[in-house]
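K.L.:
Structure supplied as protein-v9.txt; contents: compact mmCIF, C-alpha atoms.
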# COMPACT_ATOMS: atom_id res chain seq x y z
CA MET A 369 0.00 0.00 0.00
CA SER A 370 1.24 3.49 -0.88
CA LEU A 371 0.74 6.17 1.78
CA THR A 372 0.84 9.90 1.27
CA VAL A 373 2.45 11.53 4.30
CA THR A 374 2.29 15.24 5.04
CA VAL A 375 5.26 16.36 7.13
CA VAL A 376 4.43 19.26 9.45
CA HIS A 377 6.84 21.13 11.72
CA ALA A 378 4.69 21.72 14.79
CA CYS A 379 5.19 24.34 17.50
CA GLN A 380 7.79 26.37 15.65
CA ARG A 381 9.54 29.41 17.05
CA ALA A 382 9.68 32.49 14.82
CA GLY A 383 9.24 30.33 11.73
CA ARG A 384 12.09 27.96 12.60
CA GLY A 385 12.48 24.49 14.06
CA GLY A 386 9.46 22.75 15.50
CA SER A 387 8.78 19.06 15.85
CA PRO A 388 8.58 17.20 12.50
CA THR A 389 5.35 15.19 12.59
CA ALA A 390 3.87 12.82 10.00
CA VAL A 391 0.17 13.37 9.24
CA VAL A 392 -1.50 10.47 7.42
CA ASP A 393 -5.06 9.70 6.36
CA GLU A 394 -6.49 6.68 8.14
CA ALA A 395 -5.70 3.42 6.32
CA PRO A 396 -6.08 -0.33 7.02
CA LEU A 397 -2.68 -0.79 8.64
CA SER A 398 -1.50 -3.04 11.43
CA ALA A 399 -0.12 -1.55 14.63
CA ALA A 400 3.41 -2.47 13.53
CA GLU A 401 2.92 -0.75 10.17
CA ARG A 402 1.62 2.38 11.90
CA CYS A 403 4.64 2.41 14.21
CA ALA A 404 6.94 2.22 11.20
CA VAL A 405 5.50 5.34 9.52
CA SER A 406 7.23 7.92 11.70
CA ALA A 407 10.70 6.45 11.15
CA ALA A 408 10.09 6.10 7.40
CA ALA A 409 9.01 9.75 7.23
CA GLY A 410 11.92 10.95 9.37
CA THR A 411 9.74 12.08 12.27
CA SER A 412 9.34 11.04 15.90
CA HIS A 413 5.53 10.81 15.81
CA ALA A 414 2.78 10.04 13.31
CA VAL A 415 -0.89 11.02 13.53
CA PHE A 416 -3.58 9.17 11.60
CA VAL A 417 -6.59 11.29 10.63
CA SER A 418 -10.11 9.99 9.99
CA THR A 419 -12.96 12.34 9.05
CA GLU A 420 -16.32 11.52 10.65
CA GLN A 421 -19.83 12.94 10.42
CA GLN A 422 -20.27 16.51 11.57
CA ARG A 423 -20.98 17.23 15.24
CA HIS A 424 -22.74 20.36 16.44
CA GLY A 425 -22.35 21.90 12.99
CA ARG A 426 -18.56 21.41 12.94
CA PRO A 427 -16.36 18.90 11.13
CA ALA A 428 -15.62 15.86 13.29
CA VAL A 429 -12.24 14.14 13.08
CA SER A 430 -10.72 11.13 14.85
CA LEU A 431 -6.98 11.11 15.60
CA ARG A 432 -4.64 8.26 16.47
CA PHE A 433 -1.00 8.79 17.46
CA PHE A 434 1.99 6.47 17.09
CA THR A 435 5.71 6.48 17.76
CA GLY A 436 8.09 3.71 16.82
CA ALA A 437 7.35 2.10 20.21
CA GLY A 438 3.54 2.00 20.02
CA GLU A 439 0.29 3.94 20.19
CA LEU A 440 -0.25 6.97 22.42
CA PRO A 441 -3.65 8.04 23.79
CA ALA A 442 -2.82 11.68 23.07
CA CYS A 443 -0.12 13.81 21.46
CA GLY A 444 -0.20 17.59 21.71
CA HIS A 445 2.14 18.56 18.89
CA GLY A 446 0.55 15.81 16.78
CA THR A 447 -2.82 17.48 17.33
CA VAL A 448 -1.36 20.86 16.31
CA ALA A 449 0.07 19.26 13.15
CA ALA A 450 -3.24 17.58 12.29
CA LEU A 451 -5.17 20.84 12.75
CA ALA A 452 -2.83 22.61 10.31
CA VAL A 453 -3.40 19.95 7.64
CA LEU A 454 -7.17 19.96 8.20
CA ALA A 455 -7.30 23.76 7.95
CA GLU A 456 -5.29 23.71 4.73
CA ARG A 457 -7.66 21.14 3.23
CA ALA A 458 -10.69 23.17 4.28
CA ARG A 459 -9.21 26.24 2.53
CA THR A 460 -10.45 28.55 5.23
CA PRO A 461 -8.50 31.08 7.31
CA GLN A 462 -10.46 30.05 10.41
CA TYR A 463 -10.96 26.34 10.94
CA GLU A 464 -12.73 24.69 13.85
CA ALA A 465 -13.44 21.00 14.42
CA VAL A 466 -14.53 18.50 17.03
CA LEU A 467 -11.61 16.13 17.54
CA ARG A 468 -11.67 12.67 19.07
CA SER A 469 -8.73 10.82 20.57
CA GLY A 470 -8.03 8.85 23.72
CA GLY A 471 -11.74 8.23 24.30
CA ARG A 472 -12.70 11.92 24.53
CA SER A 473 -14.01 14.63 22.22
CA PHE A 474 -12.67 18.18 22.32
CA LEU A 475 -12.52 21.37 20.28
CA GLY A 476 -9.58 22.34 18.09
CA ARG A 477 -9.00 25.54 16.11
CA ALA A 478 -6.53 26.71 13.48
CA THR A 479 -6.11 30.09 11.83
CA GLY A 480 -3.82 31.10 9.00
CA GLY A 481 -3.29 30.27 5.37
CA GLY A 482 -0.86 28.96 2.79
CA ASN A 483 1.32 26.49 4.63
CA ARG A 484 1.42 28.13 8.09
CA TYR A 485 -1.22 28.01 10.82
CA GLU A 486 -1.69 28.88 14.47
CA ALA A 487 -3.42 25.93 16.13
CA ALA A 488 -4.76 25.38 19.64
CA PHE A 489 -6.95 22.85 21.39
CA ASP A 490 -8.42 21.78 24.71
CA PRO A 491 -6.20 19.00 26.12
CA GLY A 492 -8.80 18.04 28.72
CA PRO A 493 -8.76 18.08 32.50
CA VAL A 494 -5.32 17.80 34.08
CA GLN A 495 -4.87 15.55 37.09
CA LEU A 496 -2.08 16.61 39.45
CA ARG A 497 -0.57 15.00 42.51
CA ALA A 498 2.60 15.16 44.54
CA PRO A 499 4.79 12.08 43.99
CA ALA A 500 5.90 9.86 46.81
CA ALA A 501 9.53 10.26 47.83
CA THR A 502 10.37 6.85 46.38
CA GLU A 503 8.87 7.86 43.02
CA SER A 504 10.69 11.15 42.72
CA GLN A 505 14.00 9.70 43.88
CA LEU A 506 14.01 7.13 41.08
CA VAL A 507 13.57 9.85 38.48
CA PHE A 508 15.90 12.40 40.07
CA SER A 509 18.67 9.85 40.26
CA ALA A 510 18.33 9.04 36.55
CA LEU A 511 18.22 12.74 35.67
CA GLY A 512 21.29 13.47 37.77
CA ILE A 513 19.72 16.30 39.76
CA ASP A 514 19.61 17.08 43.46
CA SER A 515 16.44 15.64 44.98
CA GLU A 516 16.25 18.23 47.76
CA GLU A 517 16.19 21.13 45.30
CA ALA A 518 13.62 19.62 42.92
CA SER A 519 11.23 17.71 45.17
CA ALA A 520 9.21 20.70 46.39
CA GLN A 521 8.21 21.64 42.83
CA CYS A 522 7.77 18.11 41.50
CA ARG A 523 4.33 16.89 40.37
CA ILE A 524 2.92 13.90 38.56
CA ALA A 525 0.46 15.19 35.97
CA SER A 526 -1.82 13.42 33.54
CA VAL A 527 -3.91 14.22 30.48
CA GLY A 528 -4.29 10.61 29.40
CA ARG A 529 -0.96 9.25 30.62
CA PRO A 530 1.00 10.46 33.66
CA ARG A 531 4.32 12.19 33.38
CA MET A 532 6.54 13.82 36.01
CA LEU A 533 7.02 17.59 36.04
CA VAL A 534 10.32 18.64 37.61
CA ARG A 535 11.45 22.23 38.15
CA VAL A 536 15.12 23.22 38.04
CA VAL A 537 16.46 26.59 39.07
CA ASP A 538 17.21 28.17 35.68
CA ARG A 539 17.83 27.68 31.97
CA GLU A 540 21.52 26.90 32.49
CA ALA A 541 20.72 24.04 34.87
CA LEU A 542 18.22 22.72 32.34
CA ALA A 543 20.67 22.94 29.44
CA ASN A 544 23.33 21.08 31.44
CA LEU A 545 21.14 18.05 32.15
CA ALA A 546 22.52 14.78 30.80
CA PRO A 547 20.13 12.03 31.92
CA ASP A 548 21.06 8.37 32.01
CA MET A 549 18.47 7.24 29.46
CA THR A 550 18.61 3.58 30.39
CA ARG A 551 17.97 4.33 34.06
CA LEU A 552 15.32 6.91 33.19
CA ARG A 553 13.49 4.45 30.95
CA ASP A 554 13.59 1.84 33.70
CA ALA A 555 12.31 4.37 36.26
CA CYS A 556 9.46 5.52 34.00
CA ASP A 557 8.52 1.93 33.18
CA GLN A 558 8.50 1.02 36.87
CA LEU A 559 6.33 4.04 37.75
CA GLY A 560 4.06 3.84 34.71
CA LEU A 561 5.13 7.29 33.47
CA LEU A 562 5.11 8.57 29.91
CA GLY A 563 8.30 10.45 30.67
CA CYS A 564 9.79 13.37 32.56
CA TYR A 565 9.24 17.05 31.71
CA VAL A 566 11.94 19.22 33.27
CA TYR A 567 11.41 22.98 33.21
CA SER A 568 13.17 26.13 34.37
CA THR A 569 11.67 28.43 36.97
CA PRO A 570 9.21 30.61 35.01
CA SER A 571 9.68 34.38 34.83
CA PRO A 572 6.91 36.57 36.29
CA ASP A 573 5.38 36.94 32.81
CA GLY A 574 5.23 33.16 32.32
CA ARG A 575 8.25 32.44 30.16
CA ALA A 576 10.21 29.25 30.72
CA THR A 577 12.25 26.58 28.98
CA ALA A 578 11.69 22.83 29.18
CA ARG A 579 13.03 19.47 28.04
CA MET A 580 10.88 16.36 27.75
CA PHE A 581 12.59 12.98 28.15
CA ALA A 582 10.48 9.98 27.11
CA PRO A 583 12.73 6.99 26.34
CA SER A 584 9.95 4.56 27.30
CA ILE A 585 8.01 5.52 24.16
CA GLY A 586 11.07 5.56 21.91
CA VAL A 587 11.69 9.32 22.16
CA PRO A 588 14.81 10.00 24.28
CA GLU A 589 14.13 13.74 24.03
CA ASP A 590 11.11 15.40 22.45
CA ILE A 591 11.53 18.59 20.42
CA ALA A 592 8.13 19.89 21.57
CA ASN A 593 5.61 18.51 24.00
CA ALA A 594 2.35 20.44 24.13
CA ASN A 595 0.42 18.16 26.48
CA SER A 596 3.15 18.34 29.13
CA THR A 597 3.15 22.11 28.75
CA ALA A 598 -0.62 22.04 29.31
CA CYS A 599 0.01 20.04 32.48
CA LEU A 600 2.54 22.63 33.63
CA ALA A 601 0.07 25.45 32.90
CA ALA A 602 -2.55 23.75 35.09
CA HIS A 603 0.02 23.32 37.85
CA LEU A 604 1.19 26.95 37.70
CA ALA A 605 -2.42 28.17 37.60
CA GLU A 606 -2.52 27.21 41.28
CA ASP A 607 -0.09 30.13 41.83
CA GLY A 608 -2.13 32.54 39.69
CA LEU A 609 -0.16 32.27 36.43
CA SER A 610 -2.63 32.30 33.52
CA ALA A 611 -0.35 32.39 30.44
CA LEU A 612 2.74 30.36 29.68
CA HIS A 613 5.28 30.49 26.81
CA VAL A 614 7.68 27.54 26.94
CA ASP A 615 10.73 27.18 24.70
CA MET A 616 11.87 23.66 23.90
CA GLY A 617 14.10 21.90 21.38
CA ASP A 618 17.22 24.09 21.67
CA SER A 619 19.34 21.20 22.91
CA LEU A 620 18.38 19.35 19.71
CA GLY A 621 18.95 22.27 17.36
CA GLU A 622 15.22 22.57 16.62
CA PRO A 623 13.79 25.62 18.42
CA ALA A 624 10.17 25.20 19.44
CA THR A 625 7.68 27.21 21.46
CA ILE A 626 4.41 26.09 23.02
CA ILE A 627 1.81 28.53 24.31
CA ALA A 628 -0.69 27.58 27.02
CA THR A 629 -3.37 29.65 28.73
CA THR A 630 -5.66 28.85 31.64
CA ARG A 631 -9.00 30.13 32.84
CA PRO A 632 -10.31 29.31 36.32
CA ARG A 633 -13.42 27.20 36.80
CA PRO A 634 -14.81 25.21 39.75
CA ALA A 635 -13.74 21.83 38.36
CA GLY A 636 -10.17 22.99 37.75
CA PRO A 637 -8.53 25.33 35.23
CA LEU A 638 -9.63 25.26 31.61
CA VAL A 639 -6.46 24.94 29.54
CA ARG A 640 -5.82 25.83 25.92
CA VAL A 641 -2.51 24.84 24.36
CA GLY A 642 -0.96 25.10 20.92
CA GLY A 643 1.58 26.71 18.66
CA THR A 644 2.61 27.54 15.11
CA ALA A 645 2.63 24.76 12.52
CA THR A 646 4.16 24.84 9.05
CA ILE A 647 3.32 22.27 6.39
CA VAL A 648 6.71 21.41 4.91
CA LYS A 649 6.29 18.67 2.34
CA ARG A 650 4.37 15.63 1.16
CA ILE A 651 6.06 12.32 0.53
CA SER A 652 4.90 8.90 -0.64
CA LEU A 653 5.74 5.76 1.31
CA ALA A 654 5.48 2.44 -0.45
What would you get if you wrote out this structure as structure tokens?
P.N.:
Amino acid sequence: MSLTVTVVHACQRAGRGGSPTAVVDEAPLSAAERCAVSAAAGTSHAVFVSTEQQRHGRPAVSLRFFTGAGELPACGHGTVAALAVLAERARTPQYEAVLRSGGRSFLGRATGGGNRYEAAFDPGPVQLRAPAATESQLVFSALGIDSEEASAQCRIASVGRPRMLVRVVDREALANLAPDMTRLRDACDQLGLLGCYVYSTPSPDGRATARMFAPSIGVPEDIANANSTACLAAHLAEDGLSALHVDMGDSLGEPATIIATTRPRPAGPLVRVGGTATIVKRISLA
């Protein structure tokens, strides 16, 4: 079977970098074949798009996400990439759709034209908890950071799958991290974590840097991770921060920026997360 793959650079910064993501129309493929698409396209993730009947007067689309290691219930930058492709196909400067993935439906929007779009979506409710000392110590040891400095700001957060949020003092400390990936993968596997999102202390206006390590899903370091940034936004909303701009990807030579906003509500903050996506090319995979 021949597949047409649209490669999108999601969550770019000032028109550069971003996370290369493969966007593919749904096809009768096995799980192993789906996992192979991202590597064949030269990307870390692939999103499979299936158009459904309209819901509430909007297009309805189902999304499935894969890395080389298996299927994910959600992928933030994959959702941004898919929204850019859907908006381009719709030939409208303002696109809105009901998306379905991970057993939930949510709203996604994209604005723009040509090959570049600003996309954002509702990642869903964020569950937060403080980790047990034994949990955090496993991860801190693999990261090579001081447990006493990081533990107070550490949280386990989930929007489908849990991941650990770990604060370090500044951008320099973040840039100097050199995790032991084998130990980190073992720690995440043992704790059932998607990975570890390490971020610098945010400035008063909500600017920070972050690195996402996820060796358990075949991604030692992610260029951009929107869902983890959404988790961080929900966490920081507890301190009154309502807007967050997070730079990622610099350590990989692919600058990325994710934007998240929060709005208070009784059930917990309503989060919106997204970024800039550029459609780069289309390729055919045999």
K.L.:
Rounded to one decimal, what separation in Å do you get between CA of Glu486 in chain A and CA of Ala645 in chain A?
P.N.:
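Taking CA of Glu486 in chain A and CA of Ala645 in chain A, their separation equals 6.3 Å.
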K.L.:
So how far away is CA of Leu431 in chain A from CA of Ser652 in chain A, in Å?
P.N.:
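If I compute the distance from CA of Ser652 in chain A to CA of Leu431 in chain A, I get 20.2 Å.
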K.L.:
Please compute the CA of Gly560 in chain A-CA of Pro530 in chain A distance, one decimal, in Å.
P.N.:
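So the answer is 7.4 Å.
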K.L.:
Fewer than 6 positions away in the same chain doesn't count, so skip those; otherwise give me all residues within 12 Å of Arg551 in chain A, counting only C-alpha atoms, as a list in words.
P.N.:
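Near Arg551 in chain A, the qualifying residues are Gln505, Leu506, Val507, Phe508, Ser509, Ala510, Leu511, Gly512, Asp557, Gln558, Gly563, Phe581, Ala582, Pro583, Ser584 and Pro588 of chain A.
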K.L.:
Quick one: residues within 7 Å of Thr372 in chain A, all atoms listed in the file, excluding same-chain residues fewer than 4 positions away - as a ChimeraX atom specification?
P.N.:
/A:392,650-653
K.L.:
Between range 466-548 of chain A and range 611-629 of chain A, at 12 Å or less, what are the per-residue closest atom pairs and their distances in Å? Count only C-alpha atoms, order by chain and rising residue number, and return it as a tab-separated table.
P.N.:
residue	atom	partner	partner_atom	distance
A:Glu486	CA	A:Ile627	CA	10.4
A:Ala487	CA	A:Ile627	CA	10.1
A:Ala488	CA	A:Ile627	CA	8.7
A:Phe489	CA	A:Ala628	CA	9.7
A:Asp490	CA	A:Ala628	CA	9.9
A:Pro491	CA	A:Ala628	CA	10.2
A:Arg539	CA	A:Asp615	CA	10.2
A:Glu540	CA	A:Ser619	CA	11.4
A:Leu542	CA	A:Ser619	CA	9.6
A:Ala543	CA	A:Ser619	CA	6.9
A:Asn544	CA	A:Ser619	CA	9.4
A:Leu545	CA	A:Ser619	CA	9.9
A:Ala546	CA	A:Ser619	CA	10.7
K.L.:
Could the centre and edge lengths of an axis-aligned box, enclosing all atoms of range 605-622 of chain A in the file with 8 Å extra on each side, be given in Å to one decimal as AutoDock Vina command-line options?
P.N.:
--center_x 8.4 --center_y 25.9 --center_z 29.2 --size_x 38.0 --size_y 29.2 --size_z 41.2
K.L.:
Which residue out of A:Leu600, A:Val448, A:Leu467, A:Ala414 has the minimum interatomic distance to Leu533 in chain A when all atoms listed in the file are used?
P.N.:
A:Leu600
K.L.:
Please work out which residues fall within 9 Å of (6.3, 23.6, 13.5), coordinates as given in the file, with all atoms listed in the file counting, and return them as a PyMOL selection string.
P.N.:
chain A and resi 376-381+383-389+445+448-449+484+624-625+643-648
K.L.:
Ranking A:Ala602, A:Met580, A:Val537, A:Val566 by minimum distance to Ala525 in chain A and counting all atoms listed in the file, which one comes first?
P.N.:
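For Ala525 in chain A, the nearest of the given residues is A:Ala602.
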K.L.:
Ala400 in chain A: which residues within 10 Å, counting all atoms listed in the file, same-chain residues fewer than 3 positions away excluded, as a list in words?
P.N.:
Leu397, Cys403, Ala404, Val405, Phe434, Gly436, Ala437, Gly438 and Glu439 of chain A
K.L.:
Please list, as a ChimeraX atom specification, the residues that have an atom at most 8 Å away from (-8.5, 16.3, 28.6) in the coordinates of this file, counting only C-alpha atoms.
P.N.:
/A:472,474,490-494,527-528
K.L.:
With C-alpha atoms retained, could you export that selection as a tab-separated table (two decimals), in the coordinates of the input?
P.N.:
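Printed below is result-v8.tsv as written:
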chain	number	residue	atom	x	y	z
A	472	ARG	CA	-12.70	11.92	24.53
A	474	PHE	CA	-12.67	18.18	22.32
A	490	ASP	CA	-8.42	21.78	24.71
A	491	PRO	CA	-6.20	19.00	26.12
A	492	GLY	CA	-8.80	18.04	28.72
A	493	PRO	CA	-8.76	18.08	32.50
A	494	VAL	CA	-5.32	17.80	34.08
A	527	VAL	CA	-3.91	14.22	30.48
A	528	GLY	CA	-4.29	10.61	29.40
K.L.:
Using all atoms listed in the file, can you tell me which of A:Leu454, A:Ala390, A:Val587, A:Ala407 comes closest to Pro427 in chain A?
P.N.:
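The closest residue to Pro427 in chain A is A:Leu454.
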K.L.:
Would you mind listing, for every residue of range 474-576 of chain A within 9 Å of range 606-609 of chain A, the two atoms forming the shortest contact and the distance between them in Å to one decimal, using all atoms listed in the file, sorted by chain and ascending residue number, as a Markdown table?
P.N.:
| residue | atom | partner | partner_atom | distance |
| --- | --- | --- | --- | --- |
| A:Pro572 | CA | A:Leu609 | CA | 8.3 |
| A:Asp573 | CA | A:Leu609 | CA | 8.1 |
| A:Gly574 | CA | A:Leu609 | CA | 6.8 |
K.L.:
Can you spit out the residues from that selection as a compact mmCIF listing (two decimals), in the coordinates of the input, using C-alpha atoms?
P.N.:
# COMPACT_ATOMS: atom_id res chain seq x y z
CA PRO A 572 6.91 36.57 36.29
CA ASP A 573 5.38 36.94 32.81
CA GLY A 574 5.23 33.16 32.32
K.L.:
Looking at A:Leu451, A:Ile513, A:Ala598, A:Ala458, which one is nearest to Val536 in chain A, with distances taken over only C-alpha atoms?
P.N.:
A:Ile513
K.L.:
Considering only C-alpha atoms, can you say which of A:Tyr565, A:Thr374, A:Met532, A:Pro570 comes closest to Asp590 in chain A?
P.N.:
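That would be A:Tyr565, the residue with the smallest distance to Asp590 in chain A.
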K.L.:
Calculated over only C-alpha atoms, which of the candidates A:Ala395, A:Val534, A:Ala578, A:Ala465 has the smallest distance to Arg432 in chain A?
P.N.:
A:Ala395
K.L.:
Find the spatial neighbours of Asp393 in chain A, counting all atoms listed in the file, within a cut-off of 7 Å - ignore same-chain residues fewer than 6 positions away - and output them as JSON, numbers by chain.
P.N.:
{"A": [416, 417, 418]}
K.L.:
Because some atoms of range 530-545 of chain A are absent here, can you restore N, CA, C and O atoms and send them as a PDB file, keeping the file's coordinate frame?
P.N.:
ATOM      1  N   PRO A 530       0.258   9.625  32.706  1.00  0.00           N
ATOM      2  CA  PRO A 530       1.000  10.460  33.660  1.00  0.00           C
ATOM      3  C   PRO A 530       2.431  10.700  33.207  1.00  0.00           C
ATOM      4  O   PRO A 530       3.051   9.878  32.542  1.00  0.00           O
ATOM      5  N   ARG A 531       2.921  11.846  33.569  1.00  0.00           N
ATOM      6  CA  ARG A 531       4.320  12.190  33.380  1.00  0.00           C
ATOM      7  C   ARG A 531       4.752  13.017  34.590  1.00  0.00           C
ATOM      8  O   ARG A 531       3.905  13.618  35.264  1.00  0.00           O
ATOM      9  N   MET A 532       6.054  13.064  34.861  1.00  0.00           N
ATOM     10  CA  MET A 532       6.540  13.820  36.010  1.00  0.00           C
ATOM     11  C   MET A 532       7.021  15.187  35.553  1.00  0.00           C
ATOM     12  O   MET A 532       7.782  15.302  34.591  1.00  0.00           O
ATOM     13  N   LEU A 533       6.543  16.232  36.248  1.00  0.00           N
ATOM     14  CA  LEU A 533       7.020  17.590  36.040  1.00  0.00           C
ATOM     15  C   LEU A 533       8.064  17.895  37.101  1.00  0.00           C
ATOM     16  O   LEU A 533       7.800  17.729  38.290  1.00  0.00           O
ATOM     17  N   VAL A 534       9.227  18.359  36.673  1.00  0.00           N
ATOM     18  CA  VAL A 534      10.320  18.640  37.610  1.00  0.00           C
ATOM     19  C   VAL A 534      10.881  20.029  37.312  1.00  0.00           C
ATOM     20  O   VAL A 534      11.283  20.310  36.180  1.00  0.00           O
ATOM     21  N   ARG A 535      10.900  20.884  38.327  1.00  0.00           N
ATOM     22  CA  ARG A 535      11.450  22.230  38.150  1.00  0.00           C
ATOM     23  C   ARG A 535      12.927  22.251  38.529  1.00  0.00           C
ATOM     24  O   ARG A 535      13.331  21.663  39.529  1.00  0.00           O
ATOM     25  N   VAL A 536      13.726  22.922  37.693  1.00  0.00           N
ATOM     26  CA  VAL A 536      15.120  23.220  38.040  1.00  0.00           C
ATOM     27  C   VAL A 536      15.259  24.736  38.131  1.00  0.00           C
ATOM     28  O   VAL A 536      14.383  25.486  37.708  1.00  0.00           O
ATOM     29  N   VAL A 537      16.367  25.202  38.673  1.00  0.00           N
ATOM     30  CA  VAL A 537      16.460  26.590  39.070  1.00  0.00           C
ATOM     31  C   VAL A 537      16.459  27.568  37.899  1.00  0.00           C
ATOM     32  O   VAL A 537      15.849  28.638  37.978  1.00  0.00           O
ATOM     33  N   ASP A 538      17.136  27.218  36.787  1.00  0.00           N
ATOM     34  CA  ASP A 538      17.210  28.170  35.680  1.00  0.00           C
ATOM     35  C   ASP A 538      17.508  27.447  34.378  1.00  0.00           C
ATOM     36  O   ASP A 538      17.672  26.227  34.335  1.00  0.00           O
ATOM     37  N   ARG A 539      17.613  28.239  33.306  1.00  0.00           N
ATOM     38  CA  ARG A 539      17.830  27.680  31.970  1.00  0.00           C
ATOM     39  C   ARG A 539      19.197  26.994  31.857  1.00  0.00           C
ATOM     40  O   ARG A 539      19.333  25.996  31.143  1.00  0.00           O
ATOM     41  N   GLU A 540      20.187  27.520  32.545  1.00  0.00           N
ATOM     42  CA  GLU A 540      21.520  26.900  32.490  1.00  0.00           C
ATOM     43  C   GLU A 540      21.487  25.503  33.090  1.00  0.00           C
ATOM     44  O   GLU A 540      22.057  24.558  32.531  1.00  0.00           O
ATOM     45  N   ALA A 541      20.835  25.359  34.243  1.00  0.00           N
ATOM     46  CA  ALA A 541      20.720  24.040  34.870  1.00  0.00           C
ATOM     47  C   ALA A 541      19.992  23.073  33.951  1.00  0.00           C
ATOM     48  O   ALA A 541      20.352  21.888  33.849  1.00  0.00           O
ATOM     49  N   LEU A 542      18.979  23.564  33.267  1.00  0.00           N
ATOM     50  CA  LEU A 542      18.220  22.720  32.340  1.00  0.00           C
ATOM     51  C   LEU A 542      19.099  22.295  31.167  1.00  0.00           C
ATOM     52  O   LEU A 542      19.126  21.118  30.786  1.00  0.00           O
ATOM     53  N   ALA A 543      19.831  23.248  30.598  1.00  0.00           N
ATOM     54  CA  ALA A 543      20.670  22.940  29.440  1.00  0.00           C
ATOM     55  C   ALA A 543      21.768  21.945  29.781  1.00  0.00           C
ATOM     56  O   ALA A 543      22.203  21.161  28.919  1.00  0.00           O
ATOM     57  N   ASN A 544      22.226  21.945  31.036  1.00  0.00           N
ATOM     58  CA  ASN A 544      23.330  21.080  31.440  1.00  0.00           C
ATOM     59  C   ASN A 544      22.892  19.652  31.797  1.00  0.00           C
ATOM     60  O   ASN A 544      23.749  18.805  32.071  1.00  0.00           O
ATOM     61  N   LEU A 545      21.603  19.393  31.804  1.00  0.00           N
ATOM     62  CA  LEU A 545      21.140  18.050  32.150  1.00  0.00           C
ATOM     63  C   LEU A 545      21.642  17.025  31.130  1.00  0.00           C
ATOM     64  O   LEU A 545      21.591  17.254  29.922  1.00  0.00           O
TER      65      LEU A 545
END
